[in-house]
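> Sending over work15.tsv (TSV, C-alpha atoms and all ligand atoms).
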```
chain	number	residue	atom	x	y	z
A	1	PRO	CA	0.00	0.00	0.00
A	2	SER	CA	1.08	3.55	-0.67
A	3	ALA	CA	2.18	5.75	2.20
A	4	GLN	CA	-1.05	7.71	1.80
A	5	GLN	CA	-3.15	4.51	2.08
A	6	GLN	CA	-1.18	3.41	5.14
A	7	LEU	CA	-1.78	6.77	6.72
A	8	SER	CA	-5.49	6.73	6.09
A	9	ARG	CA	-5.91	3.09	7.21
A	10	ALA	CA	-4.06	3.83	10.43
A	11	GLY	CA	-6.19	6.95	10.88
A	12	VAL	CA	-9.43	4.96	10.45
A	13	LYS	CA	-8.23	2.29	12.89
A	14	GLU	CA	-7.26	4.88	15.43
A	15	ALA	CA	-10.58	6.70	15.09
A	16	ALA	CA	-12.40	3.40	15.61
A	17	GLY	CA	-10.42	2.76	18.78
A	18	LEU	CA	-8.67	-0.21	17.16
A	19	GLY	CA	-5.32	1.51	17.06
A	20	ASN	CA	-2.58	-0.15	19.00
A	21	THR	CA	-0.01	2.31	20.28
A	22	SER	CA	2.99	0.07	19.71
A	23	ALA	CA	1.90	-0.67	16.11
A	24	PHE	CA	1.70	3.08	15.57
A	25	GLN	CA	5.10	3.57	17.07
A	26	ALA	CA	6.57	0.84	14.83
A	27	SER	CA	5.17	2.58	11.73
A	28	GLY	CA	6.41	5.91	13.03
A	29	LEU	CA	2.92	7.35	12.66
A	30	GLN	CA	2.23	9.87	15.37
A	31	ARG	CA	0.48	13.12	16.06
A	32	ARG	CA	3.17	15.75	16.42
A	33	LEU	CA	3.11	19.38	17.48
A	34	PRO	CA	3.32	21.67	14.44
A	35	GLN	CA	6.70	22.82	13.21
A	36	GLY	CA	5.00	25.29	10.87
A	37	ILE	CA	2.00	27.54	11.57
A	38	ILE	CA	0.08	29.85	9.24
A	39	ILE	CA	-0.74	32.69	11.67
A	40	GLY	CA	-2.83	34.91	9.34
A	41	VAL	CA	-4.04	37.15	7.98
A	42	ARG	CA	-7.74	36.51	8.11
A	43	LYS	CA	-9.02	36.42	4.49
A	44	GLY	CA	-5.48	36.58	3.17
A	45	GLY	CA	-5.68	33.18	1.48
A	46	THR	CA	-4.77	31.06	4.52
A	47	ARG	CA	-6.91	28.10	3.44
A	48	ALA	CA	-5.54	28.09	-0.11
A	49	LEU	CA	-1.97	28.25	1.22
A	50	LEU	CA	-2.46	25.34	3.64
A	51	GLU	CA	-4.29	23.14	1.11
A	52	MET	CA	-1.67	23.81	-1.53
A	53	LEU	CA	1.15	22.97	0.87
A	54	ALA	CA	-0.68	19.81	1.91
A	55	LEU	CA	-0.09	18.51	-1.64
A	56	HIS	CA	3.55	18.19	-0.67
A	57	PRO	CA	4.39	14.65	0.48
A	58	GLN	CA	6.43	16.00	3.41
A	59	VAL	CA	3.53	18.07	4.80
A	60	ALA	CA	0.83	16.81	7.17
A	61	ALA	CA	-1.80	19.52	7.63
A	62	ALA	CA	-4.52	19.85	10.27
A	63	ARG	CA	-7.84	20.11	8.44
A	64	ALA	CA	-9.69	22.44	10.80
A	65	GLU	CA	-8.58	25.71	12.39
A	66	VAL	CA	-7.41	24.82	15.88
A	67	HIS	CA	-7.64	28.19	17.73
A	68	PHE	CA	-5.31	26.95	20.48
A	69	PHE	CA	-3.15	30.00	21.19
A	70	ASN	CA	-5.93	32.59	20.82
A	71	ARG	CA	-8.78	31.03	22.80
A	72	GLU	CA	-8.47	30.66	26.56
A	73	GLU	CA	-10.78	27.66	26.76
A	74	ASN	CA	-8.53	25.77	24.31
A	75	TYR	CA	-5.20	27.00	25.67
A	76	ARG	CA	-6.19	25.80	29.13
A	77	ARG	CA	-6.49	22.27	27.73
A	78	GLY	CA	-2.72	22.17	27.31
A	79	LEU	CA	-0.25	21.05	24.66
A	80	GLY	CA	-1.41	17.41	24.94
A	81	TRP	CA	-4.82	18.47	23.67
A	82	TYR	CA	-3.25	20.62	20.97
A	83	ARG	CA	-1.17	17.69	19.73
A	84	GLN	CA	-4.31	15.55	19.53
A	85	GLN	CA	-5.77	18.06	17.05
A	86	MET	CA	-2.89	17.42	14.67
A	87	PRO	CA	-2.98	14.84	11.87
A	88	LEU	CA	-0.98	11.62	11.94
A	89	SER	CA	2.42	12.12	10.39
A	90	ARG	CA	5.44	10.02	9.49
A	91	PRO	CA	8.93	10.84	10.72
A	92	GLY	CA	10.41	13.50	8.46
A	93	GLN	CA	7.03	15.01	7.68
A	94	LEU	CA	6.29	18.55	8.77
A	95	THR	CA	3.07	19.08	10.72
A	96	MET	CA	1.23	22.32	9.98
A	97	GLU	CA	-1.90	24.11	11.06
A	98	LYS	CA	-3.53	27.42	10.19
A	99	THR	CA	-5.49	29.70	12.47
A	100	PRO	CA	-5.71	33.27	11.12
A	101	GLY	CA	-6.96	34.47	14.51
A	102	TYR	CA	-3.43	34.07	15.91
A	103	PHE	CA	-2.07	37.09	14.04
A	104	SER	CA	-4.22	39.63	15.87
A	105	SER	CA	-4.22	37.83	19.22
A	106	PRO	CA	-1.92	39.74	21.66
A	107	GLY	CA	-0.92	36.64	23.65
A	108	ALA	CA	-0.29	34.29	20.72
A	109	PRO	CA	3.36	35.15	19.88
A	110	GLU	CA	4.63	34.47	23.41
A	111	ARG	CA	2.53	31.32	23.76
A	112	ILE	CA	3.81	29.94	20.46
A	113	ARG	CA	7.38	30.69	21.43
A	114	ALA	CA	6.84	28.88	24.75
A	115	MET	CA	5.77	25.80	22.75
A	116	ASP	CA	8.76	25.93	20.38
A	117	PRO	CA	11.04	28.91	19.79
A	118	ALA	CA	12.22	27.33	16.50
A	119	VAL	CA	8.73	27.07	14.96
A	120	ARG	CA	8.40	28.45	11.42
A	121	LEU	CA	5.64	31.03	10.95
A	122	LEU	CA	3.88	31.90	7.71
A	123	LEU	CA	2.00	35.15	7.25
A	124	ILE	CA	-0.02	35.52	4.06
A	125	VAL	CA	-1.01	39.12	3.35
A	126	ARG	CA	-3.18	40.74	0.74
A	127	ASP	CA	-4.03	44.29	-0.32
A	128	PRO	CA	-5.57	45.64	2.92
A	129	VAL	CA	-8.60	47.07	1.08
A	130	GLU	CA	-9.31	43.75	-0.63
A	131	ARG	CA	-8.86	41.97	2.69
A	132	LEU	CA	-11.29	44.38	4.33
A	133	VAL	CA	-13.95	43.84	1.65
A	134	SER	CA	-13.41	40.08	1.81
A	135	ASP	CA	-13.81	40.18	5.60
A	136	TYR	CA	-17.03	42.19	5.25
A	137	THR	CA	-18.35	39.81	2.59
A	138	GLN	CA	-17.78	36.81	4.85
A	139	ILE	CA	-19.59	38.41	7.80
A	140	LEU	CA	-22.45	39.52	5.53
A	141	HIS	CA	-22.74	35.98	4.20
A	142	ASN	CA	-22.77	34.45	7.70
A	143	ARG	CA	-25.38	36.96	8.91
A	144	ARG	CA	-27.59	36.27	5.93
A	145	ALA	CA	-27.32	32.53	6.53
A	146	ARG	CA	-28.71	33.17	10.03
A	147	ARG	CA	-31.34	35.53	8.57
A	148	LYS	CA	-29.79	38.45	10.46
A	149	PRO	CA	-29.42	41.94	8.97
A	150	TYR	CA	-26.02	43.54	8.33
A	151	PRO	CA	-25.51	47.14	7.16
A	152	PRO	CA	-24.07	47.96	3.74
A	153	LEU	CA	-20.27	48.27	3.73
A	154	GLU	CA	-20.32	52.03	3.11
A	155	ARG	CA	-22.38	52.62	6.22
A	156	LEU	CA	-19.90	50.66	8.36
A	157	LEU	CA	-16.91	52.42	6.84
A	158	LEU	CA	-18.12	56.00	7.14
A	159	ARG	CA	-19.10	58.02	10.21
A	160	GLY	CA	-21.40	60.67	8.72
A	161	ASP	CA	-19.33	63.79	8.01
A	162	GLN	CA	-16.48	62.63	10.19
A	163	GLY	CA	-14.82	60.52	7.54
A	164	LEU	CA	-13.64	56.95	7.91
A	165	ASN	CA	-14.70	54.92	10.89
A	166	THR	CA	-11.21	53.66	11.64
A	167	ARG	CA	-12.46	51.75	14.68
A	168	PHE	CA	-14.34	49.37	12.37
A	169	LYS	CA	-12.90	45.89	13.04
A	170	ALA	CA	-12.34	45.11	9.38
A	171	ILE	CA	-10.19	48.25	9.05
A	172	GLN	CA	-8.25	47.47	12.21
A	173	ARG	CA	-7.51	43.94	11.04
A	174	SER	CA	-5.95	45.34	7.86
A	175	LEU	CA	-3.33	47.29	9.84
A	176	TYR	CA	-0.71	44.59	9.41
A	177	ALA	CA	2.27	46.55	10.72
A	178	LEU	CA	0.76	47.14	14.17
A	179	GLN	CA	0.18	43.44	14.62
A	180	LEU	CA	3.41	42.23	13.04
A	181	ALA	CA	5.43	44.42	15.40
A	182	ARG	CA	4.23	42.27	18.30
A	183	TRP	CA	5.49	39.10	16.57
A	184	LEU	CA	8.83	40.66	15.75
A	185	ALA	CA	9.29	41.48	19.43
A	186	VAL	CA	9.17	37.73	20.13
A	187	PHE	CA	10.49	35.97	17.00
A	188	PRO	CA	13.49	36.76	14.81
A	189	SER	CA	12.35	37.96	11.38
A	190	ALA	CA	14.08	34.93	9.80
A	191	HIS	CA	11.41	32.75	11.43
A	192	ILE	CA	8.51	34.62	9.83
A	193	HIS	CA	7.98	34.21	6.10
A	194	VAL	CA	5.59	36.59	4.36
A	195	VAL	CA	3.55	35.17	1.48
A	196	ASP	CA	2.05	37.49	-1.13
A	197	GLY	CA	-1.64	36.52	-1.11
A	198	GLY	CA	-2.24	38.40	-4.39
A	199	GLY	CA	0.63	36.46	-5.94
A	200	LEU	CA	-0.79	33.17	-4.67
A	201	ILE	CA	-4.08	33.97	-6.45
A	202	ARG	CA	-2.44	35.03	-9.73
A	203	GLU	CA	0.22	32.33	-9.91
A	204	PRO	CA	0.56	29.96	-6.94
A	205	LEU	CA	3.74	28.10	-7.83
A	206	PRO	CA	6.40	30.82	-7.38
A	207	GLU	CA	4.99	31.69	-3.94
A	208	LEU	CA	4.89	28.00	-2.95
A	209	ARG	CA	8.45	27.40	-4.07
A	210	ARG	CA	9.59	30.15	-1.73
A	211	VAL	CA	7.58	28.56	1.08
A	212	GLU	CA	9.10	25.13	0.39
A	213	GLN	CA	12.51	26.70	0.73
A	214	PHE	CA	11.62	28.55	3.92
A	215	LEU	CA	10.26	25.36	5.50
A	216	GLY	CA	13.28	23.34	4.41
A	217	LEU	CA	11.17	20.99	2.26
A	218	VAL	CA	12.52	19.11	-0.72
A	219	PRO	CA	11.18	21.02	-3.78
A	220	SER	CA	8.27	18.89	-4.90
A	221	LEU	CA	5.30	21.03	-5.92
A	222	GLY	CA	5.14	21.60	-9.65
A	223	PRO	CA	2.95	23.01	-12.42
A	224	ASN	CA	0.90	19.79	-12.54
A	225	ASN	CA	-0.38	20.44	-9.03
A	226	PHE	CA	-2.38	23.49	-10.13
A	227	TYR	CA	-4.73	24.35	-12.96
A	228	PHE	CA	-6.80	27.44	-13.56
A	229	ASN	CA	-10.54	26.79	-13.41
A	230	GLN	CA	-12.46	29.35	-15.49
A	231	THR	CA	-15.76	28.77	-13.70
A	232	LYS	CA	-14.24	29.19	-10.26
A	233	GLY	CA	-12.01	32.03	-11.44
A	234	PHE	CA	-9.15	30.68	-9.31
A	235	TYR	CA	-6.46	28.04	-9.40
A	236	CYS	CA	-7.58	24.62	-8.23
A	237	LEU	CA	-5.56	21.69	-6.89
A	238	ARG	CA	-4.47	18.46	-8.50
A	239	ALA	CA	-2.87	15.40	-6.89
A	240	GLY	CA	-2.50	12.55	-9.39
A	241	ALA	CA	-5.96	11.95	-10.87
A	242	ARG	CA	-7.72	13.91	-8.12
A	243	GLN	CA	-8.71	17.48	-8.84
A	244	ARG	CA	-10.52	19.90	-6.61
A	245	CYS	CA	-11.20	23.56	-6.03
A	246	LEU	CA	-11.59	25.24	-2.65
A	247	ASP	CA	-15.20	25.37	-1.50
A	248	GLU	CA	-17.61	28.17	-2.38
A	249	SER	CA	-16.76	30.16	0.75
A	250	LYS	CA	-13.38	30.91	-0.88
A	251	GLY	CA	-13.42	33.26	-3.85
A	252	ARG	CA	-16.76	34.96	-3.25
A	253	PRO	CA	-17.77	37.94	-5.39
A	254	HIS	CA	-17.22	41.23	-3.55
A	255	PRO	CA	-19.71	44.12	-3.43
A	256	PRO	CA	-18.66	47.17	-5.46
A	257	ILE	CA	-17.16	50.08	-3.59
A	258	ALA	CA	-17.48	53.75	-4.60
A	259	GLU	CA	-14.37	55.24	-6.21
A	260	GLN	CA	-14.15	58.07	-3.69
A	261	LEU	CA	-14.39	55.73	-0.71
A	262	LEU	CA	-11.75	53.50	-2.24
A	263	GLU	CA	-9.43	56.50	-2.47
A	264	GLN	CA	-10.13	57.43	1.13
A	265	LEU	CA	-9.24	53.90	2.24
A	266	CYS	CA	-6.08	53.82	0.16
A	267	THR	CA	-4.97	57.14	1.61
A	268	TYR	CA	-5.66	55.91	5.11
A	269	PHE	CA	-3.77	52.64	4.66
A	270	SER	CA	-0.80	54.07	2.80
A	271	ALA	CA	1.32	55.07	5.83
A	272	HIS	CA	0.51	51.77	7.57
A	273	ASN	CA	1.48	49.87	4.43
A	274	GLU	CA	4.80	51.72	4.22
A	275	HIS	CA	5.46	50.79	7.83
A	276	PHE	CA	4.66	47.15	7.06
A	277	PHE	CA	7.00	47.19	4.02
A	278	SER	CA	9.80	48.51	6.17
A	279	LEU	CA	9.23	45.77	8.75
A	280	VAL	CA	9.32	42.97	6.18
A	281	GLY	CA	11.96	44.51	3.90
A	282	ARG	CA	9.88	44.23	0.76
A	283	THR	CA	7.12	46.16	-0.99
A	284	PHE	CA	3.76	45.08	-2.39
A	285	ASN	CA	1.79	46.59	-5.21
A	286	TRP	CA	-1.18	47.62	-3.08
A	287	CYS	CA	-3.46	50.60	-3.79
B	1	LIG	P1	-12.42	35.98	-1.24
B	1	LIG	O1	-13.42	34.89	-0.95
B	1	LIG	O2	-12.78	37.27	-0.65
B	1	LIG	O3	-12.07	36.09	-2.70
B	1	LIG	P2	-8.87	32.73	3.83
B	1	LIG	O4	-8.73	31.29	3.45
B	1	LIG	O5	-7.71	33.24	4.61
B	1	LIG	O6	-10.20	32.99	4.46
B	1	LIG	O7	-8.82	33.58	2.50
B	1	LIG	C1	-9.87	33.52	1.56
B	1	LIG	C2	-9.35	34.12	0.28
B	1	LIG	O8	-8.42	33.23	-0.33
B	1	LIG	C3	-10.42	34.30	-0.76
B	1	LIG	O9	-11.03	35.55	-0.53
B	1	LIG	C4	-9.64	34.22	-2.08
B	1	LIG	O10	-9.49	35.46	-2.71
B	1	LIG	C5	-8.27	33.70	-1.65
B	1	LIG	N1	-7.74	32.63	-2.47
B	1	LIG	C6	-6.42	32.50	-2.79
B	1	LIG	N2	-6.23	31.47	-3.60
B	1	LIG	C7	-7.43	30.90	-3.79
B	1	LIG	C8	-7.86	29.76	-4.54
B	1	LIG	N3	-6.98	29.05	-5.25
B	1	LIG	N4	-9.17	29.45	-4.53
B	1	LIG	C9	-10.05	30.22	-3.82
B	1	LIG	N5	-9.70	31.29	-3.10
B	1	LIG	C10	-8.41	31.63	-3.07
```
Is it possible to give me this structure as structure tokens?

Amino acid sequence: PSAQQQLSRAGVKEAAGLGNTSAFQASGLQRRLPQGIIIGVRKGGTRALLEMLALHPQVAAARAEVHFFNREENYRRGLGWYRQQMPLSRPGQLTMEKTPGYFSSPGAPERIRAMDPAVRLLLIVRDPVERLVSDYTQILHNRRARRKPYPPLERLLLRGDQGLNTRFKAIQRSLYALQLARWLAVFPSAHIHVVDGGGLIREPLPELRRVEQFLGLVPSLGPNNFYFNQTKGFYCLRAGARQRCLDESKGRPHPPIAEQLLEQLCTYFSAHNEHFFSLVGRTFNWC
């Protein structure tokens, strides 16, 4: 059986309570604490990045967001609980999880360092205005699903004559520099790799090759792993004969935004963006 089949058989056995610890140990299959974590940003393309990396044979990725370092009720459960949330992995594989809520959580950097100061962190960023609109669109969608009202974006962004409502959460969460500074106070910059979320949408492979290198993985992802799907409007994933796109919650259409408001937002973000560029030592082609 292939390594993948062995992994899934062992996983099924374990889930059914038939797993025998020593048999697991002999096969080397274990749940391990992550050596790589995607810490954010929310709506930056965190799911796409994790799923794409999971195509790599050396990567074992947790399926669901774990919210260990940012939620007290989970953190109190301890590292043993956290490890149980991880997938089975073979020796030599890198365990990864993604929880975008970590990036903006004040306690997360120190807690992650306490787990493992050598952990590799990935931060996927996107034009802050696009991220903001994506964030709004997700909340709007969730509210509608629960038949709850949600104001139009313009009303949330503007405070009457007083200009932008900069206290709006979706604006705050796009101020990457303020949040990154807290991580850089705890981790050396060499441990934090920034992924261009816009680049990952336009052409995933170059971004993923840089991530492979950062994580110390054998280069393995190639052009056959991705194909552009016209209907979806995004790249989708291929592993052998299996092809799939991310689900419909990823790549939603965004509501239009008035030109003047867009300019106001760009002006507001520009100094914050410059600060972020100086922190990461690279620039992005944002508005
Ligand atoms: P939109 O739905 O606003 O377009 P996250 O996973 O962090 O929530 O990010 C969601 C965003 O990932 C989507 O935002 C989408 O733009 C982006 N994305 C990047 N690559 C994608 C892909 N191949 N398929 C779907 N969405 C992708």
> Which chains and residue numbers are within 8 Å of ligand LIG 1 (chain B), counting all atoms listed in the file, if I want them as number ranges by chain?
A: 40-49, 100, 130-131, 133-135, 137-138, 197-198, 200-201, 204, 232-237, 245-254
> Using all atoms listed in the file, find the one residue out of A:Asp161, A:Glu72, A:Glu154, A:Asp196 that sits nearest to Val125 (chain A).
A:Asp196
> If I take CA of Pro188 (chain A) and CA of Ala118 (chain A), how far is one from the other in Å, to one decimal?
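Distance between the two atoms: 9.7 Å.
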> Of the candidates A:Asn285, A:Leu178, A:Pro255, A:Leu33, which shows the shortest atom-to-atom distance to His141 (chain A), using only C-alpha atoms?
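Among the listed residues, A:Pro255 lies closest to His141 (chain A).
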> Quick one: residues within 9 Å of Pro149 (chain A), only C-alpha atoms counted, chain neighbours fewer than 4 positions away excluded, as a list in words?
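Here the answer would be Leu140, Arg143 and Arg144 of chain A.
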> Using all atoms listed in the file, find the one residue out of A:Pro91, A:Pro34, A:Gly80, A:Gly281 that sits nearest to Arg120 (chain A).
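Ranking A:Pro91, A:Pro34, A:Gly80, A:Gly281 by distance to Arg120 (chain A), first place goes to A:Pro34.
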> For Leu208 (chain A), which residue among A:Gln85, A:Met52, A:Gln243, A:Ala181 is the nearest when counting only C-alpha atoms?
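Ranked by minimum distance to Leu208 (chain A), first place goes to A:Met52.
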